[in-house]
file coords-v9.cif (mmCIF, C-alpha atoms and all ligand atoms)
data_my_file
#
loop_
_atom_site.label_atom_id
_atom_site.label_comp_id
_atom_site.auth_asym_id
_atom_site.auth_seq_id
_atom_site.Cartn_x
_atom_site.Cartn_y
_atom_site.Cartn_z
CA MET A 1 58.57 90.82 131.88
CA ASN A 2 61.10 90.66 129.03
CA ILE A 3 63.15 93.79 128.47
CA LEU A 4 65.05 95.07 125.46
CA VAL A 5 67.83 97.61 125.92
CA ILE A 6 69.06 99.37 122.76
CA GLY A 7 72.73 100.37 122.61
CA SER A 8 76.23 99.05 123.23
CA GLY A 9 78.21 101.26 125.63
CA GLY A 10 78.94 101.82 129.30
CA ARG A 11 75.61 103.60 129.70
CA GLU A 12 73.72 100.55 128.45
CA HIS A 13 75.80 98.23 130.67
CA ALA A 14 74.81 100.38 133.67
CA LEU A 15 71.15 100.34 132.55
CA VAL A 16 71.14 96.56 132.16
CA SER A 17 72.78 96.12 135.60
CA LYS A 18 70.13 98.21 137.32
CA LEU A 19 67.18 96.74 135.38
CA LYS A 20 68.39 93.25 136.28
CA GLU A 21 67.89 94.02 139.98
CA SER A 22 64.13 94.31 139.39
CA GLN A 23 61.93 91.41 140.56
CA GLN A 24 59.72 92.09 137.55
CA VAL A 25 62.31 91.06 134.99
CA THR A 26 62.24 87.64 133.35
CA LYS A 27 64.83 88.15 130.67
CA ILE A 28 66.89 91.07 129.33
CA TYR A 29 67.97 91.36 125.72
CA CYS A 30 70.41 93.98 124.50
CA ALA A 31 70.80 95.08 120.87
CA PRO A 32 73.63 94.90 120.02
CA GLY A 33 75.19 95.00 123.54
CA ASN A 34 78.83 94.23 124.24
CA PRO A 35 80.85 91.43 125.90
CA GLY A 36 80.38 92.90 129.38
CA ILE A 37 76.62 93.15 128.92
CA ALA A 38 76.64 89.57 127.59
CA GLU A 39 77.54 88.40 131.11
CA MET A 40 74.13 89.58 132.36
CA ALA A 41 71.82 89.75 129.32
CA GLN A 42 71.36 88.13 125.93
CA CYS A 43 73.02 90.25 123.26
CA VAL A 44 71.31 90.14 119.87
CA SER A 45 72.64 91.51 116.61
CA VAL A 46 69.72 93.64 115.49
CA ASP A 47 70.60 96.87 113.64
CA ILE A 48 69.62 99.66 116.05
CA ASN A 49 69.04 102.07 113.18
CA ASP A 50 66.49 99.74 111.57
CA ASN A 51 63.13 100.49 113.24
CA SER A 52 61.30 97.61 111.52
CA ALA A 53 63.93 95.08 112.59
CA LEU A 54 63.71 96.29 116.21
CA LEU A 55 59.91 96.19 116.14
CA GLU A 56 59.88 92.69 114.71
CA PHE A 57 62.35 91.53 117.38
CA ALA A 58 60.30 93.08 120.19
CA GLN A 59 57.06 91.53 118.95
CA LYS A 60 58.57 88.09 118.45
CA ASN A 61 60.21 88.06 121.87
CA GLU A 62 57.25 89.47 123.82
CA ILE A 63 59.19 92.47 125.05
CA GLY A 64 57.23 94.26 127.80
CA LEU A 65 59.56 97.26 128.04
CA THR A 66 62.14 98.67 125.63
CA VAL A 67 64.75 101.15 126.88
CA VAL A 68 66.59 103.29 124.34
CA GLY A 69 70.18 104.25 125.14
CA PRO A 70 71.56 106.39 122.28
CA GLU A 71 70.04 109.42 120.56
CA VAL A 72 70.03 108.26 116.95
CA PRO A 73 67.20 105.67 117.26
CA LEU A 74 65.15 108.33 119.11
CA ALA A 75 65.72 110.81 116.31
CA ASN A 76 64.71 108.03 113.88
CA GLY A 77 61.32 107.76 115.61
CA ILE A 78 61.72 104.37 117.29
CA VAL A 79 59.43 105.45 120.15
CA ASP A 80 56.65 106.54 117.77
CA ILE A 81 56.73 103.21 115.93
CA PHE A 82 56.75 101.04 119.06
CA THR A 83 53.96 103.09 120.62
CA GLU A 84 51.80 102.89 117.48
CA ASN A 85 52.18 99.13 117.70
CA GLY A 86 51.10 98.99 121.34
CA LEU A 87 54.57 98.34 122.79
CA LYS A 88 55.89 100.07 125.89
CA ILE A 89 59.11 101.98 125.22
CA PHE A 90 61.02 104.39 127.46
CA GLY A 91 62.18 107.51 125.63
CA PRO A 92 60.84 110.60 123.85
CA THR A 93 59.03 110.64 120.51
CA GLN A 94 60.84 111.84 117.40
CA SER A 95 59.26 115.24 117.76
CA ALA A 96 60.20 115.57 121.46
CA ALA A 97 63.74 114.31 120.78
CA ARG A 98 64.34 117.51 118.78
CA ILE A 99 65.32 119.02 122.13
CA GLU A 100 68.65 117.26 121.54
CA GLY A 101 68.52 116.73 117.77
CA SER A 102 68.28 120.43 116.95
CA LYS A 103 70.15 122.90 119.12
CA ALA A 104 68.26 125.71 117.37
CA PHE A 105 64.95 124.11 118.42
CA ALA A 106 66.15 123.89 122.03
CA LYS A 107 67.39 127.49 122.03
CA TYR A 108 64.19 128.92 120.52
CA LEU A 109 62.16 126.90 123.05
CA MET A 110 64.19 128.33 125.94
CA GLU A 111 63.93 131.85 124.54
CA LYS A 112 60.16 131.59 124.10
CA TYR A 113 59.56 130.24 127.61
CA ASN A 114 62.15 132.35 129.42
CA ILE A 115 64.33 129.42 130.47
CA PRO A 116 67.81 130.65 131.46
CA THR A 117 70.46 129.85 128.85
CA ALA A 118 73.39 131.49 127.05
CA ALA A 119 72.47 134.35 124.68
CA PHE A 120 72.54 133.08 121.08
CA ALA A 121 71.86 133.53 117.39
CA VAL A 122 71.15 130.93 114.68
CA PHE A 123 72.51 131.09 111.11
CA THR A 124 72.00 129.11 107.94
CA ASP A 125 74.85 130.75 106.04
CA ALA A 126 78.50 130.97 106.96
CA GLU A 127 78.99 134.62 106.01
CA SER A 128 76.31 135.96 108.37
CA ALA A 129 77.54 133.67 111.14
CA LYS A 130 81.05 135.09 110.74
CA GLN A 131 79.82 138.69 110.72
CA TYR A 132 77.96 138.05 113.95
CA ILE A 133 81.02 136.38 115.55
CA LYS A 134 83.21 139.36 114.61
CA LYS A 135 80.71 141.66 116.25
CA GLN A 136 80.53 139.52 119.42
CA GLY A 137 84.27 138.85 119.79
CA ALA A 138 85.88 135.88 121.54
CA PRO A 139 85.57 133.76 123.61
CA VAL A 140 82.45 132.49 121.88
CA VAL A 141 80.87 129.07 121.36
CA VAL A 142 80.05 127.62 117.91
CA LYS A 143 77.67 124.66 117.70
CA ALA A 144 76.48 122.55 114.80
CA ASP A 145 72.68 122.43 114.99
CA GLY A 146 72.17 118.70 114.56
CA LEU A 147 73.49 115.44 116.02
CA ALA A 148 77.27 115.23 115.70
CA ALA A 149 78.16 112.36 118.05
CA GLY A 150 79.17 114.81 120.77
CA LYS A 151 81.73 116.54 118.54
CA GLY A 152 79.69 119.44 117.19
CA VAL A 153 80.66 122.06 119.81
CA VAL A 154 83.69 124.36 119.56
CA VAL A 155 84.45 126.57 122.55
CA ALA A 156 86.56 129.17 120.73
CA MET A 157 88.92 131.23 122.85
CA THR A 158 90.00 133.33 119.85
CA LEU A 159 88.21 134.91 116.91
CA ASP A 160 90.22 132.81 114.43
CA GLU A 161 89.20 129.58 116.13
CA ALA A 162 85.55 130.61 115.99
CA LEU A 163 85.71 131.55 112.30
CA GLU A 164 87.49 128.27 111.51
CA ALA A 165 84.77 126.39 113.37
CA VAL A 166 82.13 127.97 111.12
CA ASP A 167 84.11 126.88 108.05
CA MET A 168 84.50 123.38 109.39
CA ILE A 169 80.79 123.02 110.18
CA MET A 170 79.21 124.94 107.28
CA CYS A 171 81.72 124.84 104.41
CA ASP A 172 83.69 121.61 104.91
CA ASN A 173 80.48 119.91 106.11
CA VAL A 174 82.37 117.80 108.63
CA PHE A 175 79.05 116.86 110.29
CA GLY A 176 77.00 116.66 107.07
CA GLN A 177 73.39 117.85 107.38
CA ALA A 178 73.88 118.48 111.12
CA GLY A 179 75.91 121.54 110.13
CA SER A 180 73.41 123.17 107.80
CA GLN A 181 72.62 125.55 110.67
CA VAL A 182 74.95 126.84 113.39
CA VAL A 183 74.15 128.22 116.79
CA ILE A 184 76.55 130.90 118.05
CA GLU A 185 76.45 131.24 121.81
CA GLU A 186 77.66 133.49 124.54
CA PHE A 187 80.55 131.90 126.47
CA LEU A 188 79.38 131.10 130.00
CA VAL A 189 81.71 130.92 132.99
CA GLY A 190 81.10 128.62 135.93
CA GLU A 191 81.18 125.05 137.14
CA GLU A 192 79.29 122.45 135.07
CA ALA A 193 76.84 119.86 136.30
CA SER A 194 74.60 117.24 134.72
CA ILE A 195 71.11 116.57 135.98
CA LEU A 196 69.39 113.53 134.56
CA THR A 197 65.66 113.37 135.17
CA PHE A 198 62.70 111.03 134.85
CA THR A 199 59.60 112.54 133.31
CA ASP A 200 56.20 111.30 132.18
CA GLY A 201 55.50 114.53 130.28
CA LYS A 202 53.90 116.35 133.22
CA THR A 203 55.81 115.43 136.36
CA ILE A 204 59.60 115.68 136.32
CA VAL A 205 61.85 114.12 138.96
CA PRO A 206 65.57 114.89 139.01
CA MET A 207 68.07 112.13 139.75
CA VAL A 208 71.11 112.86 141.92
CA ALA A 209 73.24 115.53 140.24
CA ALA A 210 76.47 114.39 138.60
CA GLN A 211 79.58 115.96 137.16
CA ASP A 212 81.32 114.78 134.01
CA HIS A 213 85.01 115.36 133.13
CA LYS A 214 85.18 116.26 129.45
CA ARG A 215 88.87 117.03 128.97
CA VAL A 216 91.23 114.17 128.38
CA TYR A 217 93.96 115.05 130.89
CA ASP A 218 94.15 115.84 134.60
CA HIS A 219 93.37 119.42 135.70
CA ASP A 220 91.00 119.72 132.72
CA GLN A 221 93.79 119.95 130.15
CA GLY A 222 93.84 118.70 126.57
CA PRO A 223 91.05 118.20 124.04
CA ASN A 224 87.41 117.39 124.80
CA THR A 225 86.29 113.76 124.92
CA GLY A 226 83.02 111.93 125.31
CA GLY A 227 83.70 112.05 129.07
CA MET A 228 86.64 110.66 131.07
CA GLY A 229 84.78 110.00 134.27
CA ALA A 230 82.00 111.22 136.52
CA TYR A 231 80.84 111.30 140.10
CA ALA A 232 77.62 111.83 142.01
CA PRO A 233 76.24 113.51 143.97
CA ALA A 234 77.88 116.75 142.77
CA PRO A 235 77.98 119.21 145.71
CA VAL A 236 78.01 122.19 143.30
CA VAL A 237 74.28 121.51 142.94
CA THR A 238 73.23 122.60 146.40
CA ALA A 239 69.68 122.20 147.69
CA SER A 240 68.94 125.80 146.76
CA ILE A 241 70.34 125.48 143.22
CA SER A 242 68.43 122.26 142.83
CA GLU A 243 65.22 124.03 143.81
CA GLN A 244 66.00 126.90 141.41
CA VAL A 245 66.71 124.45 138.57
CA MET A 246 63.37 122.74 139.18
CA ARG A 247 61.46 126.03 139.24
CA GLU A 248 63.24 127.94 136.45
CA ILE A 249 64.34 125.15 134.11
CA LEU A 250 62.96 121.64 134.53
CA GLN A 251 59.26 122.20 135.14
CA PRO A 252 59.07 125.06 132.60
CA THR A 253 60.75 122.84 130.00
CA VAL A 254 58.34 119.90 130.31
CA ASP A 255 55.42 122.33 130.37
CA ALA A 256 56.79 124.07 127.27
CA MET A 257 57.05 120.77 125.41
CA VAL A 258 53.38 120.05 126.16
CA ASN A 259 52.46 123.53 124.97
CA GLU A 260 54.42 122.98 121.76
CA GLY A 261 52.48 119.78 121.11
CA SER A 262 55.49 117.53 121.79
CA PRO A 263 55.14 116.20 125.33
CA TYR A 264 58.45 114.79 126.49
CA CYS A 265 58.52 111.38 128.14
CA GLY A 266 61.66 109.50 129.23
CA CYS A 267 64.98 110.67 130.62
CA LEU A 268 65.62 114.34 129.99
CA TYR A 269 69.29 115.22 130.45
CA LEU A 270 70.12 118.74 131.51
CA GLY A 271 73.66 120.08 131.06
CA LEU A 272 74.17 123.17 133.21
CA ILE A 273 76.69 125.86 133.96
CA ILE A 274 76.28 127.38 137.40
CA THR A 275 77.12 131.00 136.58
CA ALA A 276 77.34 133.96 138.94
CA ASP A 277 73.83 134.75 137.62
CA GLY A 278 72.47 131.33 138.55
CA PRO A 279 72.20 128.03 136.69
CA LYS A 280 71.95 128.24 132.88
CA VAL A 281 71.28 125.51 130.34
CA ILE A 282 74.13 124.55 127.99
CA GLU A 283 72.36 121.58 126.50
CA PHE A 284 69.50 119.14 126.72
CA ASN A 285 69.92 115.53 125.74
CA ALA A 286 67.00 113.25 124.97
CA ARG A 287 68.55 110.28 126.77
CA PHE A 288 70.68 109.14 129.68
CA GLY A 289 74.14 110.76 129.67
CA ASP A 290 77.33 108.78 129.46
CA PRO A 291 79.34 108.39 131.73
CA GLU A 292 76.91 110.06 134.19
CA THR A 293 74.53 107.08 134.04
CA GLN A 294 77.35 104.88 135.31
CA VAL A 295 77.38 106.80 138.62
CA VAL A 296 73.75 107.85 138.93
CA LEU A 297 71.97 104.52 138.44
CA PRO A 298 74.10 102.61 140.98
CA LEU A 299 72.83 105.12 143.57
CA LEU A 300 69.16 104.48 142.74
CA ASP A 301 67.42 102.63 145.56
CA SER A 302 64.08 102.01 143.80
CA ASP A 303 62.91 99.65 141.08
CA LEU A 304 63.95 101.11 137.70
CA VAL A 305 61.35 99.08 135.78
CA THR A 306 58.55 100.52 137.93
CA ILE A 307 59.86 104.05 137.40
CA MET A 308 60.18 103.66 133.63
CA VAL A 309 56.73 102.10 133.27
CA SER A 310 55.23 104.93 135.34
CA CYS A 311 56.86 107.47 133.00
CA ILE A 312 55.26 105.71 130.03
CA ASN A 313 51.86 105.42 131.77
CA GLY A 314 51.85 109.02 133.00
CA THR A 315 51.80 108.06 136.69
CA LEU A 316 55.22 109.26 137.81
CA THR A 317 53.69 111.49 140.46
CA ASP A 318 52.51 108.36 142.34
CA THR A 319 55.88 106.62 142.14
CA GLU A 320 58.39 106.70 144.96
CA ILE A 321 62.00 107.28 143.88
CA LYS A 322 64.64 106.78 146.57
CA TRP A 323 68.39 107.28 146.50
CA LYS A 324 71.12 105.60 148.50
CA ASP A 325 72.88 107.80 151.03
CA ALA A 326 76.20 107.16 149.26
CA ALA A 327 78.53 108.48 146.58
CA ALA A 328 79.67 106.96 143.30
CA VAL A 329 82.75 107.55 141.15
CA CYS A 330 83.40 106.31 137.61
CA VAL A 331 86.87 106.38 136.09
CA VAL A 332 86.96 105.86 132.32
CA MET A 333 89.89 103.79 131.07
CA ALA A 334 90.71 104.87 127.52
CA ALA A 335 92.79 103.47 124.67
CA GLY A 336 96.17 105.05 123.88
CA GLY A 337 95.69 108.01 121.53
CA TYR A 338 92.04 108.65 122.43
CA PRO A 339 90.35 111.10 121.69
CA GLY A 340 92.53 111.01 118.55
CA THR A 341 93.19 107.83 116.62
CA TYR A 342 93.73 104.72 118.70
CA LYS A 343 94.44 101.04 118.26
CA LYS A 344 91.95 98.22 118.81
CA GLY A 345 92.41 94.57 119.78
CA ASP A 346 94.71 94.90 122.81
CA VAL A 347 94.16 92.20 125.43
CA MET A 348 92.87 93.42 128.81
CA THR A 349 93.74 91.74 132.09
CA GLY A 350 92.64 92.14 135.69
CA LEU A 351 88.91 92.71 135.15
CA GLU A 352 87.93 90.02 137.67
CA GLU A 353 90.44 91.35 140.22
CA ALA A 354 88.93 94.83 139.80
CA LYS A 355 85.46 93.45 140.49
CA GLN A 356 86.81 91.69 143.60
CA GLN A 357 87.63 95.17 144.92
CA GLY A 358 83.89 95.74 144.95
CA ALA A 359 83.78 97.88 141.80
CA SER A 360 81.55 97.52 138.75
CA VAL A 361 83.43 97.28 135.48
CA PHE A 362 81.15 98.66 132.78
CA HIS A 363 82.22 97.84 129.24
CA ALA A 364 82.15 100.73 126.78
CA GLY A 365 84.40 99.73 123.87
CA THR A 366 85.37 96.08 124.21
CA ALA A 367 85.22 92.91 122.12
CA LEU A 368 85.97 89.22 122.59
CA SER A 369 88.98 87.84 120.70
CA ASN A 370 88.89 84.51 118.87
CA ASP A 371 90.40 82.86 121.93
CA ASN A 372 87.74 84.41 124.18
CA GLN A 373 89.77 87.16 125.81
CA PHE A 374 88.46 90.68 126.39
CA VAL A 375 90.17 93.09 124.00
CA THR A 376 89.91 96.84 123.43
CA ASN A 377 87.49 97.90 120.71
CA GLY A 378 86.87 101.61 121.19
CA GLY A 379 88.33 104.88 122.47
CA ARG A 380 86.62 104.78 125.83
CA VAL A 381 87.13 101.13 126.77
CA LEU A 382 85.86 100.63 130.33
CA GLY A 383 84.07 102.61 133.03
CA VAL A 384 85.15 101.48 136.48
CA THR A 385 82.55 102.53 139.05
CA ALA A 386 82.77 102.30 142.81
CA ILE A 387 80.18 103.25 145.37
CA ALA A 388 80.90 104.00 149.02
CA SER A 389 79.46 105.90 151.96
CA ASP A 390 81.31 109.08 150.99
CA LEU A 391 83.02 110.52 147.94
CA LYS A 392 86.56 110.17 149.24
CA GLN A 393 86.10 106.45 149.87
CA ALA A 394 84.41 106.00 146.52
CA VAL A 395 87.37 107.68 144.79
CA ASP A 396 89.87 105.43 146.60
CA LYS A 397 87.87 102.31 145.87
CA ALA A 398 87.49 103.18 142.18
CA TYR A 399 91.21 103.82 141.73
CA GLN A 400 92.13 100.61 143.59
CA ALA A 401 90.02 98.71 141.10
CA VAL A 402 91.43 100.66 138.15
CA GLY A 403 94.94 99.70 139.35
CA LYS A 404 94.14 96.03 138.76
CA ILE A 405 93.30 96.47 135.08
CA GLN A 406 95.90 96.61 132.38
CA PHE A 407 96.09 96.91 128.62
CA GLU A 408 98.62 98.40 126.25
CA GLY A 409 98.46 102.18 125.98
CA VAL A 410 95.76 102.57 128.66
CA HIS A 411 95.27 106.06 130.05
CA TYR A 412 92.82 107.58 132.47
CA ARG A 413 92.44 110.68 134.59
CA LYS A 414 93.84 110.49 138.12
CA ASP A 415 91.70 113.38 139.40
CA ILE A 416 88.08 112.35 138.96
CA ALA A 417 85.92 114.23 141.51
CA HIS A 418 88.70 116.76 142.23
CA ARG A 419 86.30 119.72 142.33
CA ALA A 420 84.12 118.08 144.96
CA MET A 421 87.13 116.90 146.98
CA LYS A 422 88.30 120.50 147.23
CA LYS A 423 84.97 121.60 148.70
P1 LIG B 501 78.11 119.76 124.50
O1 LIG B 501 78.66 118.94 123.37
O2 LIG B 501 76.91 120.53 124.19
O3 LIG B 501 78.05 118.92 125.76
O4 LIG B 501 79.25 120.85 124.83
C1 LIG B 501 80.53 120.43 125.10
C2 LIG B 501 81.14 121.31 126.15
O5 LIG B 501 81.27 122.64 125.65
C3 LIG B 501 80.31 121.48 127.41
O6 LIG B 501 80.47 120.45 128.32
C4 LIG B 501 80.85 122.78 127.95
O7 LIG B 501 82.07 122.55 128.62
C5 LIG B 501 81.16 123.56 126.71
N1 LIG B 501 80.11 124.54 126.40
C6 LIG B 501 78.98 124.37 125.69
N2 LIG B 501 78.27 125.52 125.62
C7 LIG B 501 78.96 126.45 126.32
C8 LIG B 501 78.75 127.84 126.62
N3 LIG B 501 77.70 128.51 126.16
N4 LIG B 501 79.68 128.46 127.38
C9 LIG B 501 80.78 127.81 127.84
N5 LIG B 501 81.03 126.51 127.57
C10 LIG B 501 80.14 125.83 126.83
N1 LIG B 502 78.16 113.10 129.20
C1 LIG B 502 77.54 113.89 128.21
C2 LIG B 502 76.62 113.19 127.33
O1 LIG B 502 76.20 112.07 127.55
O2 LIG B 502 76.25 113.76 126.32
#
call {"tool": "encode", "arguments": {"input": "coords-v9.cif", "output": "structure tokens"}}
result
Amino acid sequence: MNILVIGSGGREHALVSKLKESQQVTKIYCAPGNPGIAEMAQCVSVDINDNSALLEFAQKNEIGLTVVGPEVPLANGIVDIFTENGLKIFGPTQSAARIEGSKAFAKYLMEKYNIPTAAFAVFTDAESAKQYIKKQGAPVVVKADGLAAGKGVVVAMTLDEALEAVDMIMCDNVFGQAGSQVVIEEFLVGEEASILTFTDGKTIVPMVAAQDHKRVYDHDQGPNTGGMGAYAPAPVVTASISEQVMREILQPTVDAMVNEGSPYCGCLYLGLIITADGPKVIEFNARFGDPETQVVLPLLDSDLVTIMVSCINGTLTDTEIKWKDAAAVCVVMAAGGYPGTYKKGDVMTGLEEAKQQGASVFHAGTALSNDNQFVTNGGRVLGVTAIASDLKQAVDKAYQAVGKIQFEGVHYRKDIAHRAMKK
């Protein structure tokens, strides 16, 4: 079977690596991919926001399965168009992808079906939002309703910060249309975890739980980023929390989507805070998370093509999904200045040496220079993932590999998995 993966980051590199292990795969294409992916798949320059171009490519190249990485093509209805044309594609429809594309939709859904989440209110005008914030007091969380490339959330520790966030989102229109509504949320306290799942719309199967590291510096200091590293399994999600999440959150959510006429098929990403009151939802994503995918998929011990096809065909309940008895750690190597402005085009060395340590080097923001060297081309440049029999060994192995790689200005967190190591 020929496969098309849509996207160009570390998540897609991890997806391609796992799909490539399947005996069912003839050839993998990736649109647009990146130089790391190009070592294991054919990268093609098709515009991922052009549904017709993607459809034409898939038809011409007899693609048997398309896997969508990022959220924007899902929100553009790529799954609807492929499905209407008889092509198999892994991901939710445009209507189901609203669970990520509109935070207000997700919150109303959770309210209606009693799914535990932070208390909230939704506003379409700045003045009422500010009145409400003044009544609630700080800390409080301000979220742009729509897709904002992971930047639409402000966790405001003071009233001023919260009011400024409303101005930024609703008056300065920093996120455009995505900020025409805001969600104001209760500030939740507790440890975070990410649970990615496979679902065919009826059955939902969680993957091993992971934990992301959003802040740029060690000890969770500095501004938020797209994620500076991750590990799995995350011990904060105990067997009993996992069971509670299934019963109170995951199954009710897929059932609710059916009831709302938008059955959800694909990978549903659950972002959680484990509060003193139990696990509560902070967000749903309509796709694999990044960097979580870079630690979760290497632990999968079953055929990913089979699982994805069973999600599309509605037969997930008959599909066995096994996990390795191991742990995985991903350290993100970022460009100097990230998450602020950063330089591009710096030559990277040591990638082969890092792989010789037994690590996977997933490319997130890289390019090839004219003289064929890997150069930096993004804020998050590489995700270095190691897997080992336990977390401690996986941490050591990942950092040994990281130590081999160099480029100007590189920075990374030295404490990935610190919460689990303390346990
Ligand atoms: P998101 O962009 O939705 O992933 O949110 C970014 C980060 O904001 C999350 O990883 C949390 O650390 C934090 N966050 C979001 N919602 C809340 C909340 N209700 N209470 C506390 N922190 C939150
Ligand atoms: N790691 C969080 C996300 O993918 O949105």
call {"tool": "residues_near_ligand", "arguments": {"input": "coords-v9.cif", "ligand": "ligand LIG 501 (chain B)", "cutoff": "7 Å", "atoms": "only C-alpha atoms and all ligand atoms", "output": "PyMOL selection string"}}
result
chain A and resi 118+141+150-155+185-189+214+271+282-283
call {"tool": "atom_distance", "arguments": {"input": "coords-v9.cif", "atom1": "CA of Leu382 (chain A)", "atom2": "CA of Gln23 (chain A)"}}
result
27.6 Å
call {"tool": "closest_residue", "arguments": {"input": "coords-v9.cif", "among": "A:Gly201, A:Gly69, A:Gly77, A:Gly101", "to": "Cys265 (chain A)", "atoms": "all atoms listed in the file"}}
result
A:Gly201
call {"tool": "closest_residue", "arguments": {"input": "coords-v9.cif", "among": "A:Phe362, A:Phe105, A:Phe57, A:Tyr113", "to": "Leu87 (chain A)", "atoms": "all atoms listed in the file"}}
result
A:Phe57
call {"tool": "residues_near_ligand", "arguments": {"input": "coords-v9.cif", "ligand": "ligand LIG 502 (chain B)", "cutoff": "10 Å", "atoms": "only C-alpha atoms and all ligand atoms", "output": "ChimeraX atom specification"}}
result
/A:11,70-71,100,149-151,193-194,196,210-214,225-230,269-271,283-293
call {"tool": "atom_distance", "arguments": {"input": "coords-v9.cif", "atom1": "CA of Thr66 (chain A)", "atom2": "CA of Val5 (chain A)"}}
result
5.8 Å
call {"tool": "atom_distance", "arguments": {"input": "coords-v9.cif", "atom1": "CA of Met157 (chain A)", "atom2": "CA of Ala144 (chain A)"}}
result
17.2 Å
call {"tool": "closest_residue", "arguments": {"input": "coords-v9.cif", "among": "A:His418, A:His13, A:Lys404, A:Lys322", "to": "Ile28 (chain A)", "atoms": "all atoms listed in the file"}}
result
A:His13
call {"tool": "residues_around", "arguments": {"input": "coords-v9.cif", "residues": "Ala328 (chain A)", "least_positions_apart": "5", "cutoff": "7 Å", "atoms": "all atoms listed in the file", "output": "compact mmCIF listing (two decimals) with C-alpha atoms, in the coordinates of the input"}}
result
# COMPACT_ATOMS: atom_id res chain seq x y z
CA TYR A 231 80.84 111.30 140.10
CA ALA A 232 77.62 111.83 142.01
CA VAL A 295 77.38 106.80 138.62
CA THR A 385 82.55 102.53 139.05
CA ALA A 386 82.77 102.30 142.81
CA ILE A 387 80.18 103.25 145.37
CA ALA A 388 80.90 104.00 149.02
CA LEU A 391 83.02 110.52 147.94
CA ALA A 394 84.41 106.00 146.52
call {"tool": "residues_around", "arguments": {"input": "coords-v9.cif", "residues": "region 92-96 of chain A", "least_positions_apart": "4", "cutoff": "9 Å", "atoms": "all atoms listed in the file", "output": "list of chain:residue names"}}
result
A:Pro73, A:Leu74, A:Ala75, A:Asn76, A:Gly77, A:Ile78, A:Val79, A:Asp80, A:Glu100, A:Met257, A:Gly261, A:Ser262, A:Pro263, A:Tyr264, A:Cys265, A:Gly266, A:Cys267, A:Leu268, A:Ala286, A:Arg287
call {"tool": "closest_residue", "arguments": {"input": "coords-v9.cif", "among": "A:Ile273, A:Val254, A:Leu368, A:Ala420", "to": "Ile241 (chain A)", "atoms": "all atoms listed in the file"}}
result
A:Ile273
